[in-house]
Every structure is written in C-alpha cells, then in structure tokens.
Amino acid sequence: MLLLVTGGAGFIGSNFVKHKLENTDDKIIVLDALTYAGVLDNLKPYLNGSNILVPKDQNDLIKVKKRIGKEISYSIDESNELKRLESKLNGFKVNYLESKALKERIKEILKSNRLVFVVGNIIDSELDESLTGLSDVVVHFAAESHVDRSIFSADAFIKTNVYGTYSLLEAARSAHIQKFIHISTDEVYGQASDTPFKETDPLNPRNPYSSTKAAADRMVYAYFQTYNVPVVIARPSNNFGSFQYPEKLIPVMTINALRDESLPVYGDGRQRRDWLYVQDTARAIDLLIEKGRIGEAYNVSGNNEKENIFIVNRILEITQKPETLIKYVKDRPGHDLRYMIDDTKIKSLGWVQDRNFEKQFEDTVRWYMENEDWWEKILKIDEEYKFFMKAWYEKR
Ligand SMILES: NC(=O)c1ccc[n+]([C@@H]2O[C@H](COP(=O)([O-])OP(=O)(O)OC[C@H]3O[C@@H](n4cnc5c(N)ncnc54)[C@H](O)[C@@H]3O)[C@@H](O)[C@H]2O)c1
C-alpha cells in the first residue's frame with residue numbers, strides 16, 4: 001500500500017510514519033511544509049541522499065507573512081521564511097526539481113526506498129493532486145496545532161487547518177484513493193462536564209485552534225456526504241510521547257526543569273486532560289485504515305485523565321528538581337477545564353489500548369532527559385519559538 005501522510009515531520013505524524021515503516025511493508029510519501037513544528041531529524045534514520053524532494057516552483061512555501069496579536073507585530077518576510085527553510089534542511093541532502101517532474105521522480109525513488117519526503121504545503125492544490133493521484137490512502141495530520149499560538153493569531157490556523165484541508169479534499173475527490181483518514185481532535189467537542197462525549201454529540205469548540213479543527217472535521221464529513229470521498233475521522237485525545245515539539249506541556253515542563261528555569265502553570269493547574277500515548281494513536285490509525293467505516297468518526301481516548309498539576313509534579317519527581325520551580329501564571333483565556341470522550345465505538349472494531357500509563361509517561365520524560373541534542377538544536381535555531389515563548393509568557 002502507498003500512503004500519503006501529511007504533516008509527517010511533526011510529532012504524531014513522524015511517530016506514525018516510523019511505526020508504519022517498522023511494522024509493515026507499506027510505502028509512504030510525506031508531504032510537510034516544515035513549518036516551525038516540522039523537524040526533519042524526527043525521520044533521520046529513513047532519509048538519505050535521494051529521498052528528500054523540494055519542488056522549485058511552489059508559491060505558498062515562501063509566501064508566509066504573519067501578524068501576531070494586536071500589540072505585537074512580527075512579520076516573517078520572504079527572506080526570513082527562506083532562511084528558516086534553509087536551516088530546517090541544513091545537514092540533509094535535498095533534491096530540487098520542477099513540479100512537473102515530481103510524480104515520475106517519486107515513482108523512481110519508491111523502487112528502492114520506502115519513504116519519499118516532499119517539502120511542500122497542503123494549500124498547494126497542484127501538489128496535492130499529484131500526490132493523491134499516486135496514493136492508495138491519505139492520512140492527514142498536517143495542521144497548526146498549538147492552542148496558545150491560535151489565541152495569539154488564528155491566521156495560519158485558518159489557512160492550514162481549514163483551507164489546507166479543503167485543498168487536500170478537492171484533490172482526493174478526483175483521485176482513486178481507498179481511504180482518507182482525517183486526524184481531528186477531542187477538542188472539537190469543547191469543554192466536558194461529567195459525561196464523556198460520544199461521536200454523535202454536537203461539536204462546540206471554544207478556542208481558535210479547536211474551531212478550525214471542527215471546521216475541517218465537518219468539511220471532511222461534507223466531502224463524504226456530497227462527493228463520496230471515502231473519509232474516516234479520528235478524534236484522539238491529548239497525545240504524549242517522544243519527538244513532541246518543545247512548546248507543549250510535557251516537553252516544555254521537562255525542558256524547563258532540566259534547565260532550572262521556572263515551570264509556568266496556568267491558573268491553579270487543576271485543568272484535566274486525557275493522555276493518550278502516541279504509539280497507541282499510531283496503532284489506532286492503523287486500525288481505522290483497515291476497519292474504520294467510511295463516513296464515520298471515531299473517538300480515541302487515552303482513558304488516563306490527569307490534572308495538569310499532577311503531570312508537572314511527576315515531571316519534577318522524575319527529573320529530581322524542586323517544586324519551587326513551579327510558577328503559577330495567568331490562565332489561558334477560554335481554557336477548557338476538561339476533555340472527556342467515550343471510546344466504545346473504536347473498541348467495537350477491536351481496539352485494545354496499551355494501558356501502562358505510568359511507564360509510558362516515565363519513558364517519555366526520560367526520552368527528553370536523554371535527548372538534549374534533539375531539543376537543544378530546535379531551541380537554538382528556532383527564532384519563532386524564542387519569540388513566541390517570550391511574548392506569550394513574559395506578561396503572564
Ligand atoms: N498533539 C496532540 O495532542 C493532538 C491530539 C489530537 C489531535 N491532534 C491532531 O493531530 C495532528 C498532528 O498533531 P501534532 O501534535 O503532531 O502537530 P505538530 O504541530 O507537531 O506537527 C504538525 C506538522 O504539520 C506540518 N504542517 C503544518 N502546516 C502545514 C501545511 N500548511 N502544509 C504541510 N505541512 C504542514 C508541520 O510542518 C508539522 O510537521 C494535527 O492535526 C492535530 O490537530 C493532535
């Protein structure tokens with residue numbers, strides 16, 4: 001089987017690609033724009049001199065101008081954008097080529113490789129058409145994924161999560177794919193009370209990120225109802241594991257603890273999240289590729305509900321750092337206090353989760369402790385990360 005995996009250089013996408021390459025004979029084309037969150041090192045063992053391709057004549061890759069927040073204006077001009085791309089590709093042999101030569105080159109490479117990495121934006125409809133045209137299954141992870149950033153500015157979220165998903169669906173419409181697996185999120189339901197959400201419950205997103213994900217989720221469904229695109233929607237809960245970009249809760253707290261910096265905890269830290277191990281997500285998506293019913297959505301729960309403050313305290317215990325590092329900061333506006341989903345439906349397909357949360361959690365924190373090179377390189381080269389962390393936390 002040939003899979004097109006969008007967002008394959010990100011956290012869940014790269015774990016999924018490695019899971020596939022290590023456990024199946026499937027071949028994979030990754031399409032990833034290498035935004036700040038895309039890290040080529042995540043797939044390093046599978047990248048060689050021949051399988052990273054950059055179509056030369058793409059527009060959207062370099063045409064990113066951002067205005068972040070009302071008070072703070074931060075523009076990434078074309079040369080900065082190109083600089084970022086250069087730094088992302090630094091150390092890898094890259095093959096530049098004309099877009100019209102792309103399909104043939106991919107076919108050639110796949111004769112001797114199981115992975116081809118195409119640097120490109122899902123908004124580019126011609127690129128989407130070329131790649132879906134080659135593929136049996138599409139697994140769509142690519143997204144802007146950080147809630148805090150979406151509160152700062154929703155621009156890129158609307159562009160990628162909504163318009164980008166639409167572009168990909170349009171391409172899928174004319175391709176002969178068997179399945180289009182869309183990665184949605186439990187956040188589309190909004191804040192939970194005491195009853196877990198079922199797939200049939202209304203969506204009620206409460207922040208810009210989850211609103212764009214809800215829009216994409218329903219657009220995917222609409223393409224099934226309207227055009228018969230064979231879609232399956234996954235709604236996983238909060239993922240954790242190795243290779244997660246340093247801005248998210250577990251890596252940011254672990255890295256700050258290791259650097260003896262303060263650990264910024266929102267509000268009273270009593271917000272609850274349902275933690276799902278990224279390897280479990282990869283296996284759940286596998287199951288949906290095989291058995292997910294076309295046109296249906298499936299919750300994927302970690303069945304591990306924890307308060308944020310519990311997570312932070314466990315990180316301090318594992319890293320052997322003092323509680324005095326905790327700094328309570330002003331809460332995120334519109335913060336959902338709880339997410340909770342019912343996963344009976346995916347269990348009825350035969351889904352069995354690995355239930356060893358404590359071990360998975362400790363392995364994850366230790367991975368960040370043992371892989372300083374990975375996150376130090378990101379922290380060193382990513383100007384956007386430095387800017388964002390400073391601007392977001394400085395005034396809290
Ligand atoms: N992380 C979680 O806890 C979680 C939970 C549920 C659902 N999800 C969903 O899973 C998916 C993956 O999440 P993640 O945490 O791995 O995200 P991530 O931010 O780590 O990775 C996103 C990837 O998408 C790429 N990308 C972004 N915009 C792009 C564009 N326009 N064109 C092509 N590539 C682009 C980035 O370069 C990056 O490699 C997302 O759709 C997210 O909404 C995440």
# chains A, B, ... in the order shown; residues from 1 in each chain; ligands from 1

$ residues_around --residues "segment 109-125 of chain A" --least-positions-apart "6" --cutoff "6 Å" --atoms "only C-alpha atoms" --output "list in words"
Lys27, Ile28, Ile29, Val30, Leu31, Asp32, Ala33, Asn51, Ile52, Leu53, Val54, Gly164 and Ser167 of chain A

$ write_last_selection --atoms "C-alpha atoms" --output "PDB file, in the first residue's frame"
ATOM      1  CA  LYS A  27       5.460   2.739   1.336  1.00  0.00           C
ATOM      2  CA  ILE A  28       4.993   6.351   2.327  1.00  0.00           C
ATOM      3  CA  ILE A  29       5.063   9.787   0.741  1.00  0.00           C
ATOM      4  CA  VAL A  30       5.296  12.509   3.375  1.00  0.00           C
ATOM      5  CA  LEU A  31       4.055  15.978   2.438  1.00  0.00           C
ATOM      6  CA  ASP A  32       5.204  18.537   5.002  1.00  0.00           C
ATOM      7  CA  ALA A  33       5.837  22.284   4.747  1.00  0.00           C
ATOM      8  CA  ASN A  51      14.537  10.852  -0.970  1.00  0.00           C
ATOM      9  CA  ILE A  52      14.018  14.486   0.100  1.00  0.00           C
ATOM     10  CA  LEU A  53      12.380  16.445  -2.719  1.00  0.00           C
ATOM     11  CA  VAL A  54      11.648  20.171  -2.973  1.00  0.00           C
ATOM     12  CA  GLY A 164      -5.433  23.334   3.525  1.00  0.00           C
ATOM     13  CA  SER A 167      -7.382  21.718  -0.884  1.00  0.00           C
TER      14      SER A 167
END

$ select_by_dssp --residues "segment 26-151 of chain A" --states "strand (DSSP E or B)" --output "PDB file with N, CA and C atoms, in the first residue's frame"
ATOM      1  N   LYS A  27       4.585   1.642   1.760  1.00  0.00           N
ATOM      2  CA  LYS A  27       5.460   2.739   1.336  1.00  0.00           C
ATOM      3  C   LYS A  27       4.769   4.067   1.652  1.00  0.00           C
ATOM      4  N   ILE A  28       5.574   5.093   1.854  1.00  0.00           N
ATOM      5  CA  ILE A  28       4.993   6.351   2.327  1.00  0.00           C
ATOM      6  C   ILE A  28       5.556   7.553   1.581  1.00  0.00           C
ATOM      7  N   ILE A  29       4.641   8.460   1.189  1.00  0.00           N
ATOM      8  CA  ILE A  29       5.063   9.787   0.741  1.00  0.00           C
ATOM      9  C   ILE A  29       4.661  10.745   1.854  1.00  0.00           C
ATOM     10  N   VAL A  30       5.629  11.476   2.398  1.00  0.00           N
ATOM     11  CA  VAL A  30       5.296  12.509   3.375  1.00  0.00           C
ATOM     12  C   VAL A  30       5.194  13.834   2.633  1.00  0.00           C
ATOM     13  N   LEU A  31       4.142  14.593   2.932  1.00  0.00           N
ATOM     14  CA  LEU A  31       4.055  15.978   2.438  1.00  0.00           C
ATOM     15  C   LEU A  31       4.055  16.877   3.670  1.00  0.00           C
ATOM     16  N   ASP A  32       5.092  17.692   3.802  1.00  0.00           N
ATOM     17  CA  ASP A  32       5.204  18.537   5.002  1.00  0.00           C
ATOM     18  C   ASP A  32       5.874  19.851   4.610  1.00  0.00           C
ATOM     19  N   ILE A  52      14.653  13.216  -0.296  1.00  0.00           N
ATOM     20  CA  ILE A  52      14.018  14.486   0.100  1.00  0.00           C
ATOM     21  C   ILE A  52      13.871  15.354  -1.156  1.00  0.00           C
ATOM     22  N   LEU A  53      12.629  15.695  -1.488  1.00  0.00           N
ATOM     23  CA  LEU A  53      12.380  16.445  -2.719  1.00  0.00           C
ATOM     24  C   LEU A  53      11.763  17.811  -2.419  1.00  0.00           C
ATOM     25  N   VAL A  54      12.265  18.838  -3.094  1.00  0.00           N
ATOM     26  CA  VAL A  54      11.648  20.171  -2.973  1.00  0.00           C
ATOM     27  C   VAL A  54      11.252  20.650  -4.365  1.00  0.00           C
ATOM     28  N   PRO A  55       9.947  20.613  -4.684  1.00  0.00           N
ATOM     29  CA  PRO A  55       9.519  21.180  -5.975  1.00  0.00           C
ATOM     30  C   PRO A  55       9.818  22.678  -5.962  1.00  0.00           C
ATOM     31  N   ASN A  95      16.959  17.397  -2.924  1.00  0.00           N
ATOM     32  CA  ASN A  95      16.885  17.421  -4.389  1.00  0.00           C
ATOM     33  C   ASN A  95      15.815  18.394  -4.847  1.00  0.00           C
ATOM     34  N   TYR A  96      16.249  19.459  -5.517  1.00  0.00           N
ATOM     35  CA  TYR A  96      15.293  20.439  -6.055  1.00  0.00           C
ATOM     36  C   TYR A  96      14.879  19.988  -7.447  1.00  0.00           C
ATOM     37  N   LEU A  97      13.604  20.145  -7.759  1.00  0.00           N
ATOM     38  CA  LEU A  97      13.172  19.734  -9.100  1.00  0.00           C
ATOM     39  C   LEU A  97      11.927  20.512  -9.518  1.00  0.00           C
ATOM     40  N   LEU A 115      10.331   5.405   1.673  1.00  0.00           N
ATOM     41  CA  LEU A 115       9.863   6.729   2.077  1.00  0.00           C
ATOM     42  C   LEU A 115      10.343   7.794   1.100  1.00  0.00           C
ATOM     43  N   VAL A 116       9.422   8.687   0.712  1.00  0.00           N
ATOM     44  CA  VAL A 116       9.820   9.896  -0.021  1.00  0.00           C
ATOM     45  C   VAL A 116       9.295  11.083   0.776  1.00  0.00           C
ATOM     46  N   PHE A 117      10.151  12.062   1.003  1.00  0.00           N
ATOM     47  CA  PHE A 117       9.736  13.237   1.772  1.00  0.00           C
ATOM     48  C   PHE A 117       9.625  14.424   0.822  1.00  0.00           C
ATOM     49  N   VAL A 118       8.405  14.937   0.642  1.00  0.00           N
ATOM     50  CA  VAL A 118       8.215  16.090  -0.241  1.00  0.00           C
ATOM     51  C   VAL A 118       8.004  17.328   0.628  1.00  0.00           C
ATOM     52  N   VAL A 119       8.870  18.322   0.457  1.00  0.00           N
ATOM     53  CA  VAL A 119       8.719  19.569   1.203  1.00  0.00           C
ATOM     54  C   VAL A 119       7.709  20.422   0.446  1.00  0.00           C
ATOM     55  N   VAL A 137      -3.981   5.549   0.084  1.00  0.00           N
ATOM     56  CA  VAL A 137      -4.628   6.054   1.303  1.00  0.00           C
ATOM     57  C   VAL A 137      -3.991   7.392   1.669  1.00  0.00           C
ATOM     58  N   VAL A 138      -4.812   8.336   2.127  1.00  0.00           N
ATOM     59  CA  VAL A 138      -4.283   9.615   2.633  1.00  0.00           C
ATOM     60  C   VAL A 138      -4.470   9.623   4.152  1.00  0.00           C
ATOM     61  N   VAL A 139      -3.417   9.971   4.883  1.00  0.00           N
ATOM     62  CA  VAL A 139      -3.545  10.160   6.339  1.00  0.00           C
ATOM     63  C   VAL A 139      -3.158  11.612   6.614  1.00  0.00           C
ATOM     64  N   HIS A 140      -4.141  12.385   7.028  1.00  0.00           N
ATOM     65  CA  HIS A 140      -3.968  13.848   7.067  1.00  0.00           C
ATOM     66  C   HIS A 140      -3.750  14.375   8.498  1.00  0.00           C
TER      67      HIS A 140
END

$ residues_around --residues "Tyr209 of chain A" --least-positions-apart "3" --cutoff "12 Å" --atoms "only C-alpha atoms" --output "count of residues only"
35

$ residues_around --residues "Gln225 of chain A" --least-positions-apart "6" --cutoff "10 Å" --atoms "only C-alpha atoms" --output "PyMOL selection string"
chain A and resi 219+231+295

$ residues_around --residues "Val300 of chain A" --least-positions-apart "3" --cutoff "8 Å" --atoms "only C-alpha atoms" --output "MDAnalysis selection string"
chainID A and resid 234:237 281 284 341 343 346

$ write_last_selection --atoms "C-alpha atoms" --output "PDB file, in the first residue's frame"
ATOM      1  CA  ALA A 234     -10.204  10.066  14.088  1.00  0.00           C
ATOM      2  CA  ARG A 235     -10.704  12.216  17.208  1.00  0.00           C
ATOM      3  CA  PRO A 236      -7.790  11.417  19.523  1.00  0.00           C
ATOM      4  CA  SER A 237      -7.274  12.945  22.970  1.00  0.00           C
ATOM      5  CA  THR A 281      -2.566   6.688  18.406  1.00  0.00           C
ATOM      6  CA  ALA A 284      -5.496   3.239  16.364  1.00  0.00           C
ATOM      7  CA  ILE A 341     -14.588  11.169  25.272  1.00  0.00           C
ATOM      8  CA  ASP A 343     -14.220   5.284  23.003  1.00  0.00           C
ATOM      9  CA  ILE A 346     -13.420   2.210  18.213  1.00  0.00           C
TER      10      ILE A 346
END

$ closest_residue --among "A:Asn303, A:Leu258, A:Ile318, A:Asp26" --to "Thr344 of chain A" --atoms "only C-alpha atoms"
A:Asn303

$ closest_residue --among "A:Pro196, A:Asp201, A:Ser242, A:Trp374" --to "Glu305 of chain A" --atoms "only C-alpha atoms"
A:Pro196

$ residues_around --residues "Gln353 of chain A" --least-positions-apart "3" --cutoff "10 Å" --atoms "only C-alpha atoms" --output "PDB file with C-alpha atoms, in the first residue's frame"
ATOM      1  CA  LEU A 276      -3.022   9.117  25.055  1.00  0.00           C
ATOM      2  CA  TYR A 277       0.358   7.580  24.217  1.00  0.00           C
ATOM      3  CA  GLN A 279       2.220   4.805  19.849  1.00  0.00           C
ATOM      4  CA  ASP A 280      -1.373   3.954  20.760  1.00  0.00           C
ATOM      5  CA  THR A 281      -2.566   6.688  18.406  1.00  0.00           C
ATOM      6  CA  ARG A 283      -1.991   1.754  16.190  1.00  0.00           C
ATOM      7  CA  ALA A 284      -5.496   3.239  16.364  1.00  0.00           C
ATOM      8  CA  VAL A 300      -9.638   7.633  20.521  1.00  0.00           C
ATOM      9  CA  SER A 301      -9.299   8.063  24.272  1.00  0.00           C
ATOM     10  CA  GLY A 302      -6.249   7.547  26.451  1.00  0.00           C
ATOM     11  CA  ASN A 303      -8.504   6.689  29.405  1.00  0.00           C
ATOM     12  CA  LYS A 347     -13.289  -0.600  20.790  1.00  0.00           C
ATOM     13  CA  GLY A 350     -11.221  -4.450  18.110  1.00  0.00           C
ATOM     14  CA  ASN A 356       0.583   1.211  31.114  1.00  0.00           C
TER      15      ASN A 356
END

$ residues_around --residues "Asp363 of chain A" --least-positions-apart "3" --cutoff "12 Å" --atoms "only C-alpha atoms" --output "list in words"
Phe240, Gly241, Ser242, Ile250, Tyr277, Ile315, Ile318, Thr319, Asn356, Phe357, Glu358, Lys359, Gln360, Arg366, Trp367, Tyr368, Met369, Glu370 and Asn371 of chain A

$ atom_distance --atom1 "atom CA of Asp373 of chain A" --atom2 "atom 39 (O, counted along the ligand's line) of ligand 1"
18.7 Å

$ atom_distance --atom1 "atom CA of Thr254 of chain A" --atom2 "atom CA of Glu317 of chain A"
10.5 Å

$ decode --residues "segment 124-170 of chain A" --atoms "N, CA and C atoms" --output "PDB file, in the first residue's frame"
ATOM      1  N   ASP A 124      -1.187  23.982  -1.576  1.00  0.00           N
ATOM      2  CA  ASP A 124      -0.822  23.939  -2.997  1.00  0.00           C
ATOM      3  C   ASP A 124      -1.635  22.834  -3.693  1.00  0.00           C
ATOM      4  N   SER A 125      -2.705  23.234  -4.392  1.00  0.00           N
ATOM      5  CA  SER A 125      -3.633  22.236  -4.927  1.00  0.00           C
ATOM      6  C   SER A 125      -3.005  21.348  -6.004  1.00  0.00           C
ATOM      7  N   GLU A 126      -2.091  21.923  -6.799  1.00  0.00           N
ATOM      8  CA  GLU A 126      -1.464  21.086  -7.836  1.00  0.00           C
ATOM      9  C   GLU A 126      -0.613  19.987  -7.218  1.00  0.00           C
ATOM     10  N   LEU A 127       0.097  20.388  -6.170  1.00  0.00           N
ATOM     11  CA  LEU A 127       0.933  19.412  -5.464  1.00  0.00           C
ATOM     12  C   LEU A 127       0.046  18.320  -4.849  1.00  0.00           C
ATOM     13  N   ASP A 128      -1.045  18.732  -4.205  1.00  0.00           N
ATOM     14  CA  ASP A 128      -1.976  17.763  -3.610  1.00  0.00           C
ATOM     15  C   ASP A 128      -2.488  16.792  -4.673  1.00  0.00           C
ATOM     16  N   GLU A 129      -2.815  17.336  -5.845  1.00  0.00           N
ATOM     17  CA  GLU A 129      -3.339  16.467  -6.910  1.00  0.00           C
ATOM     18  C   GLU A 129      -2.302  15.450  -7.356  1.00  0.00           C
ATOM     19  N   SER A 130      -1.056  15.919  -7.541  1.00  0.00           N
ATOM     20  CA  SER A 130      -0.006  14.979  -7.964  1.00  0.00           C
ATOM     21  C   SER A 130       0.145  13.862  -6.946  1.00  0.00           C
ATOM     22  N   LEU A 131       0.156  14.213  -5.659  1.00  0.00           N
ATOM     23  CA  LEU A 131       0.482  13.220  -4.634  1.00  0.00           C
ATOM     24  C   LEU A 131      -0.699  12.298  -4.312  1.00  0.00           C
ATOM     25  N   THR A 132      -1.919  12.842  -4.275  1.00  0.00           N
ATOM     26  CA  THR A 132      -3.070  11.951  -4.023  1.00  0.00           C
ATOM     27  C   THR A 132      -3.245  11.003  -5.218  1.00  0.00           C
ATOM     28  N   GLY A 133      -2.893  11.509  -6.402  1.00  0.00           N
ATOM     29  CA  GLY A 133      -3.012  10.689  -7.613  1.00  0.00           C
ATOM     30  C   GLY A 133      -2.131   9.442  -7.565  1.00  0.00           C
ATOM     31  N   LEU A 134      -1.068   9.490  -6.768  1.00  0.00           N
ATOM     32  CA  LEU A 134      -0.166   8.335  -6.670  1.00  0.00           C
ATOM     33  C   LEU A 134      -0.563   7.379  -5.543  1.00  0.00           C
ATOM     34  N   SER A 135      -1.423   7.846  -4.621  1.00  0.00           N
ATOM     35  CA  SER A 135      -1.564   7.152  -3.329  1.00  0.00           C
ATOM     36  C   SER A 135      -2.823   6.294  -3.223  1.00  0.00           C
ATOM     37  N   ASP A 136      -2.745   5.265  -2.342  1.00  0.00           N
ATOM     38  CA  ASP A 136      -3.917   4.438  -2.057  1.00  0.00           C
ATOM     39  C   ASP A 136      -4.720   5.014  -0.894  1.00  0.00           C
ATOM     40  N   VAL A 137      -3.981   5.549   0.084  1.00  0.00           N
ATOM     41  CA  VAL A 137      -4.628   6.054   1.303  1.00  0.00           C
ATOM     42  C   VAL A 137      -3.991   7.392   1.669  1.00  0.00           C
ATOM     43  N   VAL A 138      -4.812   8.336   2.127  1.00  0.00           N
ATOM     44  CA  VAL A 138      -4.283   9.615   2.633  1.00  0.00           C
ATOM     45  C   VAL A 138      -4.470   9.623   4.152  1.00  0.00           C
ATOM     46  N   VAL A 139      -3.417   9.971   4.883  1.00  0.00           N
ATOM     47  CA  VAL A 139      -3.545  10.160   6.339  1.00  0.00           C
ATOM     48  C   VAL A 139      -3.158  11.612   6.614  1.00  0.00           C
ATOM     49  N   HIS A 140      -4.141  12.385   7.028  1.00  0.00           N
ATOM     50  CA  HIS A 140      -3.968  13.848   7.067  1.00  0.00           C
ATOM     51  C   HIS A 140      -3.750  14.375   8.498  1.00  0.00           C
ATOM     52  N   PHE A 141      -2.467  14.561   8.832  1.00  0.00           N
ATOM     53  CA  PHE A 141      -2.104  15.121  10.145  1.00  0.00           C
ATOM     54  C   PHE A 141      -1.812  16.625  10.064  1.00  0.00           C
ATOM     55  N   ALA A 142      -1.364  17.111   8.896  1.00  0.00           N
ATOM     56  CA  ALA A 142      -0.796  18.471   8.829  1.00  0.00           C
ATOM     57  C   ALA A 142      -1.765  19.492   9.411  1.00  0.00           C
ATOM     58  N   ALA A 143      -1.264  20.286  10.337  1.00  0.00           N
ATOM     59  CA  ALA A 143      -2.099  21.320  10.959  1.00  0.00           C
ATOM     60  C   ALA A 143      -1.213  22.258  11.756  1.00  0.00           C
ATOM     61  N   GLU A 144      -1.737  23.441  12.013  1.00  0.00           N
ATOM     62  CA  GLU A 144      -1.196  24.267  13.087  1.00  0.00           C
ATOM     63  C   GLU A 144      -1.857  23.718  14.336  1.00  0.00           C
ATOM     64  N   SER A 145      -1.050  23.370  15.363  1.00  0.00           N
ATOM     65  CA  SER A 145      -1.598  22.529  16.431  1.00  0.00           C
ATOM     66  C   SER A 145      -1.542  23.127  17.836  1.00  0.00           C
ATOM     67  N   HIS A 146      -1.024  24.342  17.996  1.00  0.00           N
ATOM     68  CA  HIS A 146      -0.829  24.833  19.361  1.00  0.00           C
ATOM     69  C   HIS A 146      -1.885  25.881  19.748  1.00  0.00           C
ATOM     70  N   VAL A 147      -2.724  25.534  20.739  1.00  0.00           N
ATOM     71  CA  VAL A 147      -3.839  26.402  21.142  1.00  0.00           C
ATOM     72  C   VAL A 147      -3.350  27.816  21.485  1.00  0.00           C
ATOM     73  N   ASP A 148      -2.272  27.910  22.267  1.00  0.00           N
ATOM     74  CA  ASP A 148      -1.780  29.243  22.673  1.00  0.00           C
ATOM     75  C   ASP A 148      -1.457  30.110  21.459  1.00  0.00           C
ATOM     76  N   ARG A 149      -0.802  29.517  20.483  1.00  0.00           N
ATOM     77  CA  ARG A 149      -0.464  30.290  19.276  1.00  0.00           C
ATOM     78  C   ARG A 149      -1.724  30.749  18.551  1.00  0.00           C
ATOM     79  N   SER A 150      -2.775  29.908  18.584  1.00  0.00           N
ATOM     80  CA  SER A 150      -4.012  30.289  17.878  1.00  0.00           C
ATOM     81  C   SER A 150      -4.696  31.459  18.573  1.00  0.00           C
ATOM     82  N   ILE A 151      -4.451  31.591  19.894  1.00  0.00           N
ATOM     83  CA  ILE A 151      -5.038  32.718  20.630  1.00  0.00           C
ATOM     84  C   ILE A 151      -4.263  33.996  20.284  1.00  0.00           C
ATOM     85  N   PHE A 152      -2.980  33.836  20.076  1.00  0.00           N
ATOM     86  CA  PHE A 152      -2.129  34.935  19.617  1.00  0.00           C
ATOM     87  C   PHE A 152      -2.576  35.421  18.243  1.00  0.00           C
ATOM     88  N   SER A 153      -2.716  34.489  17.331  1.00  0.00           N
ATOM     89  CA  SER A 153      -3.162  34.802  15.969  1.00  0.00           C
ATOM     90  C   SER A 153      -3.697  33.547  15.293  1.00  0.00           C
ATOM     91  N   ALA A 154      -4.928  33.630  14.787  1.00  0.00           N
ATOM     92  CA  ALA A 154      -5.552  32.430  14.187  1.00  0.00           C
ATOM     93  C   ALA A 154      -5.278  32.317  12.689  1.00  0.00           C
ATOM     94  N   ASP A 155      -4.569  33.289  12.152  1.00  0.00           N
ATOM     95  CA  ASP A 155      -4.376  33.375  10.708  1.00  0.00           C
ATOM     96  C   ASP A 155      -3.881  32.065  10.069  1.00  0.00           C
ATOM     97  N   ALA A 156      -2.739  31.606  10.541  1.00  0.00           N
ATOM     98  CA  ALA A 156      -2.148  30.395   9.953  1.00  0.00           C
ATOM     99  C   ALA A 156      -3.029  29.173  10.208  1.00  0.00           C
ATOM    100  N   PHE A 157      -3.803  29.203  11.296  1.00  0.00           N
ATOM    101  CA  PHE A 157      -4.678  28.068  11.633  1.00  0.00           C
ATOM    102  C   PHE A 157      -5.805  27.943  10.622  1.00  0.00           C
ATOM    103  N   ILE A 158      -6.362  29.108  10.255  1.00  0.00           N
ATOM    104  CA  ILE A 158      -7.445  29.083   9.269  1.00  0.00           C
ATOM    105  C   ILE A 158      -6.874  28.644   7.920  1.00  0.00           C
ATOM    106  N   LYS A 159      -5.707  29.193   7.620  1.00  0.00           N
ATOM    107  CA  LYS A 159      -5.100  28.897   6.324  1.00  0.00           C
ATOM    108  C   LYS A 159      -4.790  27.396   6.186  1.00  0.00           C
ATOM    109  N   THR A 160      -4.110  26.846   7.147  1.00  0.00           N
ATOM    110  CA  THR A 160      -3.709  25.438   7.030  1.00  0.00           C
ATOM    111  C   THR A 160      -4.840  24.483   7.395  1.00  0.00           C
ATOM    112  N   ASN A 161      -5.438  24.685   8.579  1.00  0.00           N
ATOM    113  CA  ASN A 161      -6.381  23.673   9.080  1.00  0.00           C
ATOM    114  C   ASN A 161      -7.679  23.648   8.271  1.00  0.00           C
ATOM    115  N   VAL A 162      -8.129  24.809   7.847  1.00  0.00           N
ATOM    116  CA  VAL A 162      -9.404  24.840   7.113  1.00  0.00           C
ATOM    117  C   VAL A 162      -9.139  24.804   5.601  1.00  0.00           C
ATOM    118  N   TYR A 163      -8.426  25.834   5.108  1.00  0.00           N
ATOM    119  CA  TYR A 163      -8.234  25.896   3.651  1.00  0.00           C
ATOM    120  C   TYR A 163      -7.361  24.739   3.158  1.00  0.00           C
ATOM    121  N   GLY A 164      -6.335  24.435   3.916  1.00  0.00           N
ATOM    122  CA  GLY A 164      -5.433  23.334   3.525  1.00  0.00           C
ATOM    123  C   GLY A 164      -6.179  22.008   3.447  1.00  0.00           C
ATOM    124  N   THR A 165      -7.055  21.769   4.419  1.00  0.00           N
ATOM    125  CA  THR A 165      -7.836  20.518   4.400  1.00  0.00           C
ATOM    126  C   THR A 165      -8.774  20.500   3.195  1.00  0.00           C
ATOM    127  N   TYR A 166      -9.342  21.653   2.906  1.00  0.00           N
ATOM    128  CA  TYR A 166     -10.217  21.756   1.715  1.00  0.00           C
ATOM    129  C   TYR A 166      -9.429  21.425   0.436  1.00  0.00           C
ATOM    130  N   SER A 167      -8.205  21.986   0.317  1.00  0.00           N
ATOM    131  CA  SER A 167      -7.382  21.718  -0.884  1.00  0.00           C
ATOM    132  C   SER A 167      -7.119  20.229  -1.055  1.00  0.00           C
ATOM    133  N   LEU A 168      -6.803  19.610   0.061  1.00  0.00           N
ATOM    134  CA  LEU A 168      -6.482  18.180   0.020  1.00  0.00           C
ATOM    135  C   LEU A 168      -7.718  17.351  -0.341  1.00  0.00           C
ATOM    136  N   LEU A 169      -8.876  17.749   0.214  1.00  0.00           N
ATOM    137  CA  LEU A 169     -10.121  17.042  -0.093  1.00  0.00           C
ATOM    138  C   LEU A 169     -10.474  17.176  -1.565  1.00  0.00           C
ATOM    139  N   GLU A 170     -10.257  18.372  -2.110  1.00  0.00           N
ATOM    140  CA  GLU A 170     -10.533  18.589  -3.533  1.00  0.00           C
ATOM    141  C   GLU A 170      -9.681  17.642  -4.374  1.00  0.00           C
TER     142      GLU A 170
END
